[in-house]
Amino acid sequence: MNDSFFIEQLKILNFKNYPELSIDFNANFICFVGENGVGKTNLLDAIYYLCTSKSYFNATEQYNFREGSEKISLITNIRKNESKYHIEINVEKRKRKEITINRVKEDSQIQYVGKFPVLMLAPDDNQIILGSSDKRRKMIDNILCQADIAYLENLVEYNKVLSNRNALLKQIFESGRRQDDLLDTIDTMLSALGTEIYRARQTFIDNFSIEFDKIYNHICDEKEKMSVVYTSHLQDDDVKRLLLQNREKDILLQRTTKGIHLDDLEFLLNDFPLKKIGSQGQQKTYIVSIKLALFSILTQYKKILPILLLDDIFDKFDGQRILRLFDILNQDFCGQVFISDTHRERVEDIMTKSVEKFEIFTVKNNGVQK
Ligand SMILES: Nc1ncnc2c1ncn2[C@@H]1O[C@H](COP(=O)(O)OP(=O)(O)OP(=O)(O)O)[C@@H](O)[C@H]1O
Ligand SMILES: [Mg+2]
């Protein structure tokens with residue numbers, strides 16, 4: 001049995017649509033219900049933000065500030081066994097973000113990531129199947145960064161070196177002046193970092209495929225043949241040699257055309273690309289299975305059950321699949337789970353059938369009611 005976190009309280013000031021809000025939680029399954037646009041997803045995002053110091057949805061911080069406000073405060077009390085954590089994140093415009101745990105300031109955002117593992121499942125996640133390859137890399141990185149700080153550091157460094165290389169390629173192209181020695185040095189750094197990242201991703205995908213297969217077949221109870229294939233330039237060749245081989249092309253294009261920044265995943269259903277042949281329900285089952293497999297892997301890495309955030313989970317799911325999903329959630333994922341939905345009766349019905357203890361909050365007028 002794994003340890004788990006339990007969020008006891010959430011306080012929000014000026015985050016997205018919320019001027020001020022405070023909620024206490026007393027169950028493992030917490031549901032937020034309400035009409036479209038009332039702020040259910042924003043509540044899940046506030047929890048995600050507290051766990052990772054970033055919004056799941058907005059890469060641009062300014063959109064997280066409530067319109068017209070200058071300072072966001074997010075506060076939570078989290079319990080893990082006998083330990084209690086009081087976390088505060090303060091974000092002020094034009095200032096450094098401040099994170100404190102039990103009133104002690106965290107030195108860096110990088111060090112904070114992974115302390116309170118979390119996983120979000122949102123409607124937009126179908127982009128993992130339908131969208132461009134960066135969505136799939138982001139999905140892998142999201143887990144590995146929480147799992148392993150060395151991975152996160154390597155990734156940050158890789159992106160820095162990559163952007164230096166691209167700037168140099170541009171300079172060489174524009175000036176016509178070769179700088180092969182400098183490129184050699186950059187290539188050495190890039191290939192060392194790239195190889196580390198590649199190895200971590202490869203191990204991750206191997207574990208992930210096994211979990212994914214188990215979960216998918218449990219939810220849909222059909223023996224569809226599923227597979228996830230990892231593709232990387234590094235599979236065929238040594239990355240340093242590849243960079244050298246493609247140097248002239250890279251100078252002409254002014255960007256680096258080989259490396260782990262172009263890795264991808266292929267999702268197959270009975271050997272066909274899922275994005276071409278999967279129905280919406282099948283795609284949703286696929287996405288939910290992917291996410292639960294990620295949850296499993298993150299649990300293995302962290303030795304603790306992450307907080308699970310399920311945004312609009314019931315949409316496009318038939319009743320059978322929902323019940324089997326909760327079967328799995330109850331068995332293997334019994335940490336704290338936050339769920340949002342538009343239909344109170346539907347949620348009440350599913351919860352009563354599936355879980356022992358739950359709380360439902362109605363979200364309305366920038367506030368919540370039990
Ligand atoms: N920075 C912001 N300042 C003020 N309001 C914001 C900000 N960002 C988002 N909102 C508001 O938050 C609301 C959307 O909230 P959210 O996406 O959480 O809704 P929801 O309840 O999940 O809806 P749905 O059921 O459609 O998914 C919108 O009304 C939007 O205008
Ligand atoms: Mg929503």
# chains A, B, ... in the order shown; residues from 1 in each chain; ligands from 1

call {"tool": "residues_around", "arguments": {"residues": "Gln62 of chain A", "least_positions_apart": "4", "cutoff": "9 Å", "atoms": "only C-alpha atoms", "output": "list in words"}}
result
Asn58, Arg66 and Lys93 of chain A

call {"tool": "write_last_selection", "arguments": {"atoms": "all heavy atoms", "output": "PDB file, in the first residue's frame"}}
result
ATOM      1  N   ASN A  58      -2.051  27.593 -18.573  1.00  0.00           N
ATOM      2  CA  ASN A  58      -1.471  28.832 -19.088  1.00  0.00           C
ATOM      3  C   ASN A  58       0.031  28.876 -18.907  1.00  0.00           C
ATOM      4  O   ASN A  58       0.523  28.996 -17.793  1.00  0.00           O
ATOM      5  CB  ASN A  58      -2.043  30.050 -18.343  1.00  0.00           C
ATOM      6  CG  ASN A  58      -3.497  30.253 -18.647  1.00  0.00           C
ATOM      7  OD1 ASN A  58      -3.987  29.845 -19.689  1.00  0.00           O
ATOM      8  ND2 ASN A  58      -4.201  30.885 -17.724  1.00  0.00           N
ATOM      9  N   ARG A  66      -6.213  37.316 -11.728  1.00  0.00           N
ATOM     10  CA  ARG A  66      -7.593  37.747 -11.933  1.00  0.00           C
ATOM     11  C   ARG A  66      -7.552  39.124 -12.579  1.00  0.00           C
ATOM     12  O   ARG A  66      -6.726  39.968 -12.187  1.00  0.00           O
ATOM     13  CB  ARG A  66      -8.345  37.811 -10.598  1.00  0.00           C
ATOM     14  CG  ARG A  66      -9.836  38.039 -10.783  1.00  0.00           C
ATOM     15  CD  ARG A  66     -10.550  37.903  -9.460  1.00  0.00           C
ATOM     16  NE  ARG A  66     -10.191  38.953  -8.533  1.00  0.00           N
ATOM     17  CZ  ARG A  66     -10.810  40.139  -8.459  1.00  0.00           C
ATOM     18  NH1 ARG A  66     -11.822  40.422  -9.253  1.00  0.00           N
ATOM     19  NH2 ARG A  66     -10.410  41.034  -7.592  1.00  0.00           N
ATOM     20  N   LYS A  93       3.154  40.584 -10.098  1.00  0.00           N
ATOM     21  CA  LYS A  93       3.583  41.011 -11.428  1.00  0.00           C
ATOM     22  C   LYS A  93       4.979  41.637 -11.333  1.00  0.00           C
ATOM     23  O   LYS A  93       5.263  42.348 -10.390  1.00  0.00           O
ATOM     24  CB  LYS A  93       2.574  41.999 -12.018  1.00  0.00           C
ATOM     25  CG  LYS A  93       1.313  41.288 -12.478  1.00  0.00           C
ATOM     26  CD  LYS A  93       0.420  42.169 -13.316  1.00  0.00           C
ATOM     27  CE  LYS A  93      -0.787  41.354 -13.774  1.00  0.00           C
ATOM     28  NZ  LYS A  93      -1.954  42.169 -14.080  1.00  0.00           N
TER      29      LYS A  93
END

call {"tool": "residues_near_ligand", "arguments": {"ligand": "ligand 2", "cutoff": "7 Å", "atoms": "only C-alpha atoms and all ligand atoms", "output": "PyMOL selection string"}}
result
chain A and resi 36-37+39-41+311-312

call {"tool": "residues_around", "arguments": {"residues": "Asn365 of chain A", "least_positions_apart": "3", "cutoff": "10 Å", "atoms": "only C-alpha atoms", "output": "JSON, numbers by chain"}}
result
{"A": [17, 18, 38, 39, 368]}

call {"tool": "closest_residue", "arguments": {"among": "A:Gln146, A:Thr203, A:Thr185, A:Asn64", "to": "Leu43 of chain A", "atoms": "only C-alpha atoms"}}
result
A:Asn64

call {"tool": "closest_residue", "arguments": {"among": "A:Gln300, A:Asn77, A:Asn28, A:Thr285", "to": "Ile219 of chain A", "atoms": "only C-alpha atoms"}}
result
A:Thr285

call {"tool": "residues_around", "arguments": {"residues": "Ser163 of chain A", "least_positions_apart": "4", "cutoff": "12 Å", "atoms": "only C-alpha atoms", "output": "JSON, numbers by chain"}}
result
{"A": [156, 157, 158, 159, 167, 168, 169, 170, 186, 190, 254, 255, 256, 261]}

call {"tool": "write_last_selection", "arguments": {"atoms": "N, CA, C and O atoms", "output": "compact mmCIF listing (two decimals), in the first residue's frame"}}
result
# COMPACT_ATOMS: atom_id res chain seq x y z
N VAL A 156 16.40 21.36 -18.90
CA VAL A 156 16.55 22.82 -18.91
C VAL A 156 17.87 23.18 -19.62
O VAL A 156 17.93 24.07 -20.47
N GLU A 157 18.92 22.44 -19.28
CA GLU A 157 20.24 22.71 -19.86
C GLU A 157 20.22 22.40 -21.36
O GLU A 157 20.75 23.16 -22.18
N TYR A 158 19.60 21.28 -21.73
CA TYR A 158 19.53 20.90 -23.15
C TYR A 158 18.87 22.01 -23.96
O TYR A 158 19.37 22.41 -25.02
N ASN A 159 17.75 22.51 -23.45
CA ASN A 159 17.03 23.55 -24.19
C ASN A 159 17.86 24.83 -24.32
O ASN A 159 17.79 25.52 -25.33
N ALA A 167 21.08 29.72 -32.47
CA ALA A 167 21.50 31.12 -32.67
C ALA A 167 22.82 31.16 -33.45
O ALA A 167 23.01 32.01 -34.33
N LEU A 168 23.70 30.22 -33.12
CA LEU A 168 24.99 30.17 -33.82
C LEU A 168 24.81 29.79 -35.29
O LEU A 168 25.44 30.37 -36.19
N LEU A 169 23.92 28.85 -35.55
CA LEU A 169 23.65 28.44 -36.94
C LEU A 169 23.16 29.65 -37.75
O LEU A 169 23.56 29.86 -38.90
N LYS A 170 22.32 30.43 -37.13
CA LYS A 170 21.77 31.61 -37.79
C LYS A 170 22.89 32.61 -38.11
O LYS A 170 22.97 33.15 -39.22
N ILE A 186 29.68 22.80 -28.81
CA ILE A 186 28.24 22.77 -28.52
C ILE A 186 27.66 21.38 -28.79
O ILE A 186 26.87 20.86 -28.01
N LEU A 190 25.56 19.02 -26.30
CA LEU A 190 24.19 18.64 -26.67
C LEU A 190 24.03 17.12 -26.73
O LEU A 190 23.01 16.57 -26.30
N GLN A 254 19.06 26.95 -40.47
CA GLN A 254 19.26 27.74 -39.25
C GLN A 254 18.55 27.15 -38.03
O GLN A 254 18.04 27.86 -37.17
N ARG A 255 18.49 25.84 -38.02
CA ARG A 255 17.96 25.15 -36.82
C ARG A 255 18.51 23.73 -36.77
O ARG A 255 18.98 23.19 -37.79
N THR A 256 18.43 23.12 -35.58
CA THR A 256 18.99 21.79 -35.36
C THR A 256 17.96 20.74 -35.73
O THR A 256 16.90 20.67 -35.10
N HIS A 261 14.84 16.70 -29.07
CA HIS A 261 13.78 17.73 -29.09
C HIS A 261 12.77 17.42 -30.19
O HIS A 261 11.78 18.14 -30.32

call {"tool": "residues_around", "arguments": {"residues": "Asp134 of chain A", "least_positions_apart": "3", "cutoff": "12 Å", "atoms": "only C-alpha atoms", "output": "PyMOL selection string"}}
result
chain A and resi 127-131+137-142+260-265

call {"tool": "write_last_selection", "arguments": {"atoms": "C-alpha atoms", "output": "compact mmCIF listing (two decimals), in the first residue's frame"}}
result
# COMPACT_ATOMS: atom_id res chain seq x y z
CA GLN A 127 -4.20 16.88 -28.18
CA ILE A 128 -1.80 14.20 -26.95
CA ILE A 129 -3.31 12.01 -29.67
CA LEU A 130 -4.40 14.57 -32.24
CA GLY A 131 -1.87 17.37 -31.82
CA ARG A 137 7.05 15.19 -25.41
CA LYS A 138 5.49 17.55 -22.88
CA MET A 139 3.47 14.66 -21.46
CA ILE A 140 6.59 12.53 -20.95
CA ASP A 141 8.59 15.45 -19.59
CA ASN A 142 5.83 16.39 -17.18
CA ILE A 260 15.66 14.43 -28.68
CA HIS A 261 13.78 17.73 -29.09
CA LEU A 262 12.07 15.98 -32.02
CA ASP A 263 11.23 12.68 -30.28
CA ASP A 264 7.70 11.39 -30.71
CA LEU A 265 5.26 8.70 -29.67

call {"tool": "residues_around", "arguments": {"residues": "Asn207 of chain A", "least_positions_apart": "4", "cutoff": "12 Å", "atoms": "only C-alpha atoms", "output": "MDAnalysis selection string"}}
result
chainID A and resid 200:203 211:214 228 293:298 300:301

call {"tool": "write_last_selection", "arguments": {"atoms": "C-alpha atoms", "output": "PDB file, in the first residue's frame"}}
result
ATOM      1  CA  ALA A 200      15.439   8.164 -19.295  1.00  0.00           C
ATOM      2  CA  ARG A 201      12.642   8.421 -21.869  1.00  0.00           C
ATOM      3  CA  GLN A 202      13.338   4.937 -23.211  1.00  0.00           C
ATOM      4  CA  THR A 203      13.136   3.335 -19.755  1.00  0.00           C
ATOM      5  CA  GLU A 211       0.938  -0.268 -17.395  1.00  0.00           C
ATOM      6  CA  PHE A 212      -0.980   1.239 -20.273  1.00  0.00           C
ATOM      7  CA  ASP A 213      -1.878  -2.122 -21.752  1.00  0.00           C
ATOM      8  CA  LYS A 214      -3.176  -3.395 -18.405  1.00  0.00           C
ATOM      9  CA  VAL A 228       2.736   2.788 -28.062  1.00  0.00           C
ATOM     10  CA  ALA A 293      -0.617   4.627 -16.665  1.00  0.00           C
ATOM     11  CA  LEU A 294       1.324   7.858 -16.132  1.00  0.00           C
ATOM     12  CA  PHE A 295      -0.139   8.001 -12.636  1.00  0.00           C
ATOM     13  CA  SER A 296       1.076   4.455 -11.984  1.00  0.00           C
ATOM     14  CA  ILE A 297       4.573   5.239 -13.215  1.00  0.00           C
ATOM     15  CA  LEU A 298       4.734   8.444 -11.190  1.00  0.00           C
ATOM     16  CA  GLN A 300       6.436   3.953  -8.741  1.00  0.00           C
ATOM     17  CA  TYR A 301       9.015   6.702  -9.100  1.00  0.00           C
TER      18      TYR A 301
END

call {"tool": "closest_residue", "arguments": {"among": "A:Ile322, A:Val363, A:Ser83, A:Phe272", "to": "Asp349 of chain A", "atoms": "only C-alpha atoms"}}
result
A:Ile322

call {"tool": "select_by_dssp", "arguments": {"residues": "segment 13-159 of chain A", "states": "strand (DSSP E)", "output": "PDB file with C-alpha atoms, in the first residue's frame"}}
result
ATOM      1  CA  LEU A  13      -6.648  34.992  -3.791  1.00  0.00           C
ATOM      2  CA  ASN A  14      -6.967  36.559  -7.237  1.00  0.00           C
ATOM      3  CA  PHE A  15      -6.342  33.410  -9.235  1.00  0.00           C
ATOM      4  CA  TYR A  18     -11.593  33.868  -7.994  1.00  0.00           C
ATOM      5  CA  PRO A  19     -11.194  37.045  -5.909  1.00  0.00           C
ATOM      6  CA  GLU A  20     -11.100  35.127  -2.628  1.00  0.00           C
ATOM      7  CA  LEU A  21     -11.945  31.580  -1.695  1.00  0.00           C
ATOM      8  CA  SER A  22     -11.314  29.079   1.076  1.00  0.00           C
ATOM      9  CA  ILE A  23     -12.403  25.414   1.048  1.00  0.00           C
ATOM     10  CA  ASP A  24     -11.867  22.583   3.538  1.00  0.00           C
ATOM     11  CA  PHE A  29     -13.026  11.906  -3.566  1.00  0.00           C
ATOM     12  CA  ILE A  30     -13.856  15.582  -4.046  1.00  0.00           C
ATOM     13  CA  CYS A  31     -16.231  16.703  -6.784  1.00  0.00           C
ATOM     14  CA  PHE A  32     -16.793  20.188  -8.151  1.00  0.00           C
ATOM     15  CA  VAL A  33     -20.040  20.577 -10.057  1.00  0.00           C
ATOM     16  CA  LYS A  71      -0.927  39.541  -6.805  1.00  0.00           C
ATOM     17  CA  ILE A  72      -1.958  35.882  -6.743  1.00  0.00           C
ATOM     18  CA  SER A  73      -1.803  33.935  -3.489  1.00  0.00           C
ATOM     19  CA  LEU A  74      -2.392  30.215  -3.394  1.00  0.00           C
ATOM     20  CA  ILE A  75      -2.298  28.453  -0.063  1.00  0.00           C
ATOM     21  CA  THR A  76      -2.846  24.874   0.972  1.00  0.00           C
ATOM     22  CA  ASN A  77      -2.474  22.528   3.912  1.00  0.00           C
ATOM     23  CA  ILE A  78      -1.377  19.063   2.847  1.00  0.00           C
ATOM     24  CA  ARG A  79      -1.029  16.028   5.054  1.00  0.00           C
ATOM     25  CA  LYS A  80       1.186  13.039   4.445  1.00  0.00           C
ATOM     26  CA  SER A  83       3.528  15.211   8.507  1.00  0.00           C
ATOM     27  CA  LYS A  84       1.787  18.452   7.668  1.00  0.00           C
ATOM     28  CA  TYR A  85       2.829  20.924   5.026  1.00  0.00           C
ATOM     29  CA  HIS A  86       1.628  24.491   4.811  1.00  0.00           C
ATOM     30  CA  ILE A  87       2.380  25.702   1.305  1.00  0.00           C
ATOM     31  CA  GLU A  88       2.117  29.251   0.061  1.00  0.00           C
ATOM     32  CA  ILE A  89       2.787  30.467  -3.436  1.00  0.00           C
ATOM     33  CA  ASN A  90       2.772  34.207  -4.041  1.00  0.00           C
ATOM     34  CA  VAL A  91       3.054  35.628  -7.518  1.00  0.00           C
ATOM     35  CA  GLU A  92       3.384  39.332  -8.072  1.00  0.00           C
ATOM     36  CA  GLU A  98       7.801  33.104  -3.932  1.00  0.00           C
ATOM     37  CA  ILE A  99       7.188  29.590  -2.653  1.00  0.00           C
ATOM     38  CA  THR A 100       7.241  28.647   1.021  1.00  0.00           C
ATOM     39  CA  ILE A 101       6.769  25.300   2.748  1.00  0.00           C
ATOM     40  CA  VAL A 104      10.487  28.393   4.869  1.00  0.00           C
ATOM     41  CA  LYS A 105      11.296  29.878   1.481  1.00  0.00           C
ATOM     42  CA  VAL A 118       0.196  15.557  -9.214  1.00  0.00           C
ATOM     43  CA  LEU A 119      -1.476  14.428 -12.401  1.00  0.00           C
ATOM     44  CA  MET A 120      -4.138  16.304 -14.362  1.00  0.00           C
ATOM     45  CA  LEU A 121      -6.491  14.845 -16.924  1.00  0.00           C
TER      46      LEU A 121
END

call {"tool": "atom_distance", "arguments": {"atom1": "atom CA of Lys284 of chain A", "atom2": "atom CA of Phe314 of chain A"}}
result
9.9 Å

call {"tool": "closest_residue", "arguments": {"among": "A:Ser209, A:Thr60, A:Asn2, A:Ser133", "to": "ligand 1", "atoms": "only C-alpha atoms and all ligand atoms"}}
result
A:Thr60

call {"tool": "residues_around", "arguments": {"residues": "Phe57 of chain A", "least_positions_apart": "5", "cutoff": "12 Å", "atoms": "only C-alpha atoms", "output": "ChimeraX atom specification"}}
result
/A:16,41-42,44-46,48-49,63-64,120-125

call {"tool": "write_last_selection", "arguments": {"atoms": "C-alpha atoms", "output": "PDB file, in the first residue's frame"}}
result
ATOM      1  CA  LYS A  16      -8.245  33.504 -12.549  1.00  0.00           C
ATOM      2  CA  THR A  41     -11.393  23.744 -14.081  1.00  0.00           C
ATOM      3  CA  ASN A  42      -9.788  26.798 -12.489  1.00  0.00           C
ATOM      4  CA  LEU A  44      -8.332  22.051 -10.314  1.00  0.00           C
ATOM      5  CA  ASP A  45      -5.693  24.277 -11.869  1.00  0.00           C
ATOM      6  CA  ALA A  46      -5.179  26.088  -8.541  1.00  0.00           C
ATOM      7  CA  TYR A  48      -2.119  21.801  -9.862  1.00  0.00           C
ATOM      8  CA  TYR A  49      -0.372  25.147  -9.440  1.00  0.00           C
ATOM      9  CA  TYR A  63      -3.513  35.047 -17.693  1.00  0.00           C
ATOM     10  CA  ASN A  64      -3.513  33.520 -14.219  1.00  0.00           C
ATOM     11  CA  MET A 120      -4.138  16.304 -14.362  1.00  0.00           C
ATOM     12  CA  LEU A 121      -6.491  14.845 -16.924  1.00  0.00           C
ATOM     13  CA  ALA A 122      -8.259  17.534 -18.936  1.00  0.00           C
ATOM     14  CA  PRO A 123     -10.434  17.563 -22.089  1.00  0.00           C
ATOM     15  CA  ASP A 124      -7.685  19.316 -23.978  1.00  0.00           C
ATOM     16  CA  ASP A 125      -5.497  16.246 -23.444  1.00  0.00           C
TER      17      ASP A 125
END

call {"tool": "closest_residue", "arguments": {"among": "A:Glu70, A:Glu345, A:Glu356, A:Glu224", "to": "ligand 1", "atoms": "only C-alpha atoms and all ligand atoms"}}
result
A:Glu70

call {"tool": "closest_residue", "arguments": {"among": "A:Asp187, A:Phe116, A:Ile277, A:Glu35", "to": "ligand 1", "atoms": "only C-alpha atoms and all ligand atoms"}}
result
A:Glu35

call {"tool": "atom_distance", "arguments": {"atom1": "atom CA of Asp315 of chain A", "atom2": "atom CA of Asp341 of chain A"}}
result
8.1 Å

call {"tool": "decode", "arguments": {"residues": "segment 229-261 of chain A", "atoms": "C-alpha atoms", "output": "PDB file, in the first residue's frame"}}
result
ATOM      1  CA  VAL A 229       5.855   3.232 -30.148  1.00  0.00           C
ATOM      2  CA  TYR A 230       8.661   5.596 -29.186  1.00  0.00           C
ATOM      3  CA  THR A 231      10.519   7.207 -32.070  1.00  0.00           C
ATOM      4  CA  SER A 232      13.779   9.096 -31.698  1.00  0.00           C
ATOM      5  CA  HIS A 233      16.669  10.010 -33.982  1.00  0.00           C
ATOM      6  CA  LEU A 234      18.905   8.568 -31.290  1.00  0.00           C
ATOM      7  CA  GLN A 235      17.562   5.071 -31.886  1.00  0.00           C
ATOM      8  CA  ASP A 236      19.441   4.675 -35.159  1.00  0.00           C
ATOM      9  CA  ASP A 237      22.630   6.509 -34.579  1.00  0.00           C
ATOM     10  CA  ASP A 238      25.042   8.230 -32.261  1.00  0.00           C
ATOM     11  CA  VAL A 239      23.729  11.750 -31.781  1.00  0.00           C
ATOM     12  CA  LYS A 240      27.100  13.465 -32.080  1.00  0.00           C
ATOM     13  CA  ARG A 241      27.672  11.842 -35.458  1.00  0.00           C
ATOM     14  CA  LEU A 242      24.160  12.818 -36.536  1.00  0.00           C
ATOM     15  CA  LEU A 243      24.721  16.443 -35.607  1.00  0.00           C
ATOM     16  CA  LEU A 244      27.954  16.490 -37.608  1.00  0.00           C
ATOM     17  CA  GLN A 245      26.409  14.713 -40.599  1.00  0.00           C
ATOM     18  CA  ASN A 246      23.590  17.251 -40.700  1.00  0.00           C
ATOM     19  CA  ARG A 247      25.663  20.331 -39.976  1.00  0.00           C
ATOM     20  CA  GLU A 248      25.515  21.809 -43.498  1.00  0.00           C
ATOM     21  CA  LYS A 249      21.774  21.270 -43.695  1.00  0.00           C
ATOM     22  CA  ASP A 250      21.311  22.772 -40.218  1.00  0.00           C
ATOM     23  CA  ILE A 251      23.261  25.898 -41.230  1.00  0.00           C
ATOM     24  CA  LEU A 252      21.066  26.330 -44.292  1.00  0.00           C
ATOM     25  CA  LEU A 253      17.864  25.843 -42.276  1.00  0.00           C
ATOM     26  CA  GLN A 254      19.258  27.743 -39.246  1.00  0.00           C
ATOM     27  CA  ARG A 255      17.964  25.148 -36.823  1.00  0.00           C
ATOM     28  CA  THR A 256      18.992  21.793 -35.358  1.00  0.00           C
ATOM     29  CA  THR A 257      17.236  19.044 -37.299  1.00  0.00           C
ATOM     30  CA  LYS A 258      18.321  16.038 -35.217  1.00  0.00           C
ATOM     31  CA  GLY A 259      17.963  15.312 -31.536  1.00  0.00           C
ATOM     32  CA  ILE A 260      15.660  14.433 -28.677  1.00  0.00           C
ATOM     33  CA  HIS A 261      13.784  17.725 -29.091  1.00  0.00           C
TER      34      HIS A 261
END
